[in-house]
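Q: final.txt is reproduced in full below (compact mmCIF, C-alpha atoms).
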# COMPACT_ATOMS: atom_id res chain seq x y z
CA MET A 250 32.65 173.18 47.92
CA LYS A 251 29.22 172.50 49.34
CA SER A 252 27.49 169.35 48.06
CA LEU A 253 24.02 167.96 48.74
CA ILE A 254 23.39 164.26 48.14
CA THR A 255 19.81 163.09 47.93
CA GLY A 256 17.88 159.98 46.96
CA GLY A 257 15.61 157.33 48.37
CA ALA A 258 16.16 154.91 51.22
CA ARG A 259 19.04 152.48 50.65
CA SER A 260 19.90 154.17 47.34
CA GLY A 261 23.64 154.38 48.10
CA LYS A 262 23.68 158.03 49.24
CA SER A 263 25.83 157.56 52.32
CA GLY A 264 28.40 155.38 50.59
CA PHE A 265 28.69 157.88 47.76
CA ALA A 266 28.97 160.77 50.23
CA GLU A 267 31.78 159.03 52.10
CA ARG A 268 33.70 158.26 48.89
CA LEU A 269 33.22 161.85 47.68
CA CYS A 270 34.51 163.21 50.98
CA MET A 271 37.52 160.87 50.98
CA SER A 272 38.37 161.99 47.43
CA ARG A 273 38.39 165.65 48.48
CA ALA A 274 39.95 165.72 51.94
CA GLU A 275 42.71 163.86 53.77
CA ALA A 276 40.58 163.72 56.93
CA ALA A 277 37.06 164.78 57.84
CA VAL A 278 34.50 165.24 60.58
CA TYR A 279 31.55 162.86 60.25
CA VAL A 280 28.47 164.43 61.82
CA ALA A 281 25.85 161.79 62.63
CA THR A 282 22.36 163.06 63.40
CA ALA A 283 20.57 159.81 64.32
CA GLN A 284 19.10 159.12 67.73
CA ALA A 285 18.53 155.61 69.06
CA PHE A 286 14.86 155.46 70.01
CA ASP A 287 14.57 151.68 69.57
CA ASP A 288 16.73 148.56 69.47
CA GLU A 289 16.92 148.41 65.68
CA MET A 290 18.22 151.99 65.51
CA LYS A 291 20.68 151.26 68.33
CA GLU A 292 22.07 148.39 66.22
CA ARG A 293 22.34 150.60 63.11
CA ILE A 294 24.18 153.30 65.02
CA ALA A 295 26.55 150.75 66.61
CA LEU A 296 27.28 149.26 63.17
CA HIS A 297 28.03 152.69 61.66
CA ARG A 298 30.27 153.60 64.60
CA SER A 299 32.27 150.40 64.24
CA GLN A 300 32.58 150.80 60.46
CA ARG A 301 34.02 154.31 60.84
CA ALA A 302 36.30 153.17 63.68
CA GLU A 303 37.68 150.35 61.53
CA ALA A 304 38.08 152.47 58.39
CA THR A 305 41.52 153.41 57.17
CA TYR A 306 40.24 156.94 56.51
CA PRO A 307 40.63 159.25 59.54
CA TRP A 308 37.01 160.11 60.38
CA ARG A 309 36.36 162.09 63.55
CA THR A 310 32.75 161.38 64.47
CA LEU A 311 30.53 163.91 66.20
CA GLU A 312 26.94 163.06 67.08
CA GLU A 313 24.59 166.02 66.90
CA PRO A 314 20.86 165.26 66.69
CA LEU A 315 19.51 168.79 67.26
CA GLU A 316 22.01 171.68 67.21
CA LEU A 317 23.45 171.11 63.72
CA PRO A 318 23.51 174.81 62.68
CA ALA A 319 25.44 175.74 65.85
CA LEU A 320 27.88 172.86 65.35
CA LEU A 321 28.58 173.93 61.75
CA GLY A 322 29.14 177.47 63.04
CA ARG A 323 31.69 176.27 65.60
CA LEU A 324 33.50 174.03 63.10
CA GLY A 325 33.53 176.81 60.51
CA SER A 326 35.02 179.33 62.89
CA SER A 327 37.91 177.09 63.90
CA GLY A 328 41.37 178.04 62.62
CA GLU A 329 41.28 175.84 59.55
CA PRO A 330 37.74 174.53 59.06
CA PRO A 331 37.65 170.76 58.58
CA ALA A 332 35.95 168.92 55.77
CA VAL A 333 32.55 167.86 57.11
CA LEU A 334 30.12 165.14 56.09
CA VAL A 335 26.63 165.35 57.64
CA ASP A 336 24.46 162.23 57.54
CA CYS A 337 21.59 162.99 57.45
CA LEU A 338 19.49 166.12 57.25
CA THR A 339 16.10 164.40 57.21
CA LEU A 340 16.90 162.57 60.45
CA TRP A 341 17.97 165.92 61.93
CA LEU A 342 14.67 167.48 60.81
CA SER A 343 12.72 164.62 62.37
CA ASN A 344 14.60 165.13 65.64
CA VAL A 345 13.84 168.86 65.57
CA LEU A 346 10.13 168.28 64.91
CA LEU A 347 9.80 165.70 67.67
CA ALA A 348 11.71 167.82 70.18
CA ALA A 349 9.54 170.87 69.44
CA GLY A 350 6.22 169.23 70.37
CA ASP A 351 3.20 171.42 69.65
CA GLU A 352 5.40 174.22 68.32
CA GLY A 353 6.92 171.79 65.78
CA GLY A 354 6.07 173.54 62.53
CA ALA A 355 7.20 177.06 63.39
CA SER A 356 10.22 175.89 65.34
CA ALA A 357 11.33 173.52 62.57
CA ARG A 358 10.93 176.20 59.91
CA GLU A 359 13.19 178.48 61.94
CA ALA A 360 15.70 175.64 62.39
CA VAL A 361 15.73 175.03 58.61
CA GLU A 362 16.48 178.72 58.03
CA ARG A 363 19.33 178.61 60.59
CA LEU A 364 20.68 175.48 58.92
CA THR A 365 20.52 177.09 55.47
CA GLU A 366 22.49 180.09 56.78
CA ALA A 367 25.05 177.82 58.47
CA VAL A 368 25.54 175.79 55.28
CA ALA A 369 25.83 178.91 53.12
CA SER A 370 28.47 180.42 55.39
CA TYR A 371 30.52 177.27 56.05
CA PRO A 372 34.01 178.10 54.70
CA GLY A 373 35.26 174.54 54.07
CA GLU A 374 34.34 171.34 52.26
CA LEU A 375 30.80 170.38 53.31
CA ILE A 376 28.90 167.29 52.15
CA LEU A 377 25.30 166.83 53.27
CA VAL A 378 23.14 163.72 52.91
CA THR A 379 19.34 163.97 52.78
CA ASN A 380 16.38 161.86 51.68
CA GLU A 381 13.75 162.47 49.05
CA VAL A 382 10.62 161.77 51.07
CA GLY A 383 7.96 163.46 48.94
CA SER A 384 7.89 161.02 46.05
CA GLY A 385 5.55 158.56 47.74
CA ILE A 386 1.99 158.68 48.98
CA VAL A 387 0.57 161.56 50.98
CA PRO A 388 0.87 160.72 54.69
CA GLU A 389 -2.52 160.29 56.39
CA TYR A 390 -1.64 162.14 59.58
CA PRO A 391 -0.79 165.86 60.06
CA LEU A 392 2.72 165.37 61.50
CA GLY A 393 3.66 163.14 58.56
CA ARG A 394 2.44 165.73 56.06
CA LEU A 395 4.28 168.50 57.92
CA TYR A 396 7.47 166.42 57.91
CA ARG A 397 7.13 165.67 54.18
CA ASP A 398 6.53 169.33 53.36
CA LEU A 399 9.36 170.63 55.55
CA SER A 400 11.75 168.02 54.13
CA GLY A 401 11.01 169.25 50.62
CA ILE A 402 11.42 172.89 51.65
CA MET A 403 14.66 172.11 53.49
CA ASN A 404 16.08 170.18 50.53
CA GLN A 405 15.27 173.05 48.15
CA ARG A 406 16.82 175.65 50.45
CA ILE A 407 19.98 173.63 51.01
CA ALA A 408 20.28 172.76 47.30
CA GLY A 409 20.07 176.49 46.57
CA VAL A 410 23.22 177.23 48.58
CA CYS A 411 25.21 174.18 47.41
CA GLY A 412 27.44 174.18 44.35
CA GLU A 413 26.63 170.54 43.61
CA VAL A 414 23.49 168.46 44.08
CA PHE A 415 23.72 164.72 43.48
CA LEU A 416 20.79 162.35 43.06
CA VAL A 417 21.71 158.77 43.92
CA THR A 418 19.50 155.95 42.65
CA ALA A 419 20.47 152.27 42.66
CA GLY A 420 23.99 153.29 43.68
CA VAL A 421 24.43 155.60 40.68
CA ALA A 422 25.07 159.29 41.35
CA VAL A 423 24.06 162.00 38.89
CA GLU A 424 25.03 165.64 39.45
CA LEU A 425 21.81 167.61 38.95
CA LYS A 426 23.02 171.20 38.78
CA ARG A 427 24.93 170.42 35.59
CA LEU A 428 21.68 169.14 34.08
CA GLU A 429 19.47 171.88 35.51
CA TYR A 430 17.19 173.62 33.05
CA ARG A 431 17.20 177.33 33.81
CA LEU A 432 14.40 179.69 32.88
Please express what this file holds, its structure, as structure tokens.
A:
Amino acid sequence: MKSLITGGARSGKSGFAERLCMSRAEAAVYVATAQAFDDEMKERIALHRSQRAEATYPWRTLEEPLELPALLGRLGSSGEPPAVLVDCLTLWLSNVLLAAGDEGGASAREAVERLTEAVASYPGELILVTNEVGSGIVPEYPLGRLYRDLSGIMNQRIAGVCGEVFLVTAGVAVELKRLEYRL
């Protein structure tokens, strides 16, 4: 099963994703996409590493800030593909945009398409965390608007290839595809 979990900042997405993964697999690969560009992010990453290390659930953590589609391809082609939790897609997209420089838009669009293909073809349990970033104000600078737009496009593409899409708000998860109105 492929599941996308979305919501706002500090909505409970990651905790829900971890519990969902633990309910579906005896062990899993935790793919972290964050990069530590400042001290606050270094502290967050260190905290998350220690929490997974101390957990009774057997997480195997892989850190992949840029080559997520390739990593999913490698994991999916292994003998018995592991259950995978990716946290989070919007951080990955930010990394891709920043790494691409002036070619950011075109390069990121191509990366989103590669990611969509990798998610669609992954043969095992796959849980992906993302953020809803387009519900706020319009960013005043071009890179912010590009990021907002690409995040929305990415989330739609990934939701389209997932069997479940959860929205988490205030720690409460609602499965959206069951509620989806189809024309």
Q: Got a sec: who's within 9 Å of stretch 332-340 of chain A, counting all atoms listed in the file, leaving out chain neighbours fewer than 6 positions off, as a PyMOL selection string?
A: chain A and resi 263+266-267+270+273-284+314+317+321+324+373-382+396+400+403-404
Q: What separation in Å, quoted to one decimal, exists between atom CA of A:Glu366 and atom CA of A:Cys411?
A: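 Separation of atom CA of A:Glu366 and atom CA of A:Cys411: 11.4 Å.
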Q: Write out as lines of an AutoDock Vina configuration file an axis-aligned box for stretch 340-348 of chain A: all of its atoms listed in the file, 5 Å added on each side, centre and edge lengths in Å with one decimal.
A:
center_x = 13.9
center_y = 165.7
center_z = 65.3
size_x = 18.2
size_y = 16.3
size_z = 19.7
Q: Between atom CA of A:Pro330 and atom CA of A:Tyr371, what is the distance in Å, rounded to a tenth?
A: 8.3 Å
Q: Between A:Gly393, A:Pro318, A:Pro372, A:Gly256, which is the closest to A:Leu425 once you count only C-alpha atoms?
A: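 Closest residue, counting only C-alpha atoms: A:Gly256.
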Q: What separation in Å, quoted to one decimal, exists between atom CA of A:Thr255 and atom CA of A:His297?
A: 19.1 Å
Q: Nearest to A:Gly322 among A:Arg268, A:Arg363, A:Lys291, A:Arg394, with distances taken over only C-alpha atoms: which residue is it?
A: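 Of all the options, A:Arg363 lies closest to A:Gly322.
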Q: Return the single residue from A:Thr365, A:Asn344, A:Ser384, A:Ser327 that is closest to A:Phe286, with distances computed using only C-alpha atoms.
A: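 Using only C-alpha atoms, A:Phe286 sits closest to A:Asn344.
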Q: Identify which of the residues A:Arg397, A:Arg309, A:Arg298, A:Arg431 lies closest to A:Ser343, counting all atoms listed in the file when measuring atom-to-atom distances.
A: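 Ranking A:Arg397, A:Arg309, A:Arg298, A:Arg431 by distance to A:Ser343, first place goes to A:Arg397.
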Q: With only C-alpha atoms as the atoms that count, which of A:Gly383, A:Phe265, A:Arg259, A:Tyr390 lies nearest to A:Ala422?
A: A:Phe265
Q: In terms of the shortest atom-to-atom distance over all atoms listed in the file, which of A:Glu413, A:Glu424, A:Glu429, A:Asp288 is closest to A:Met250?
A: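 Selected residue with least distance to A:Met250: A:Glu413.
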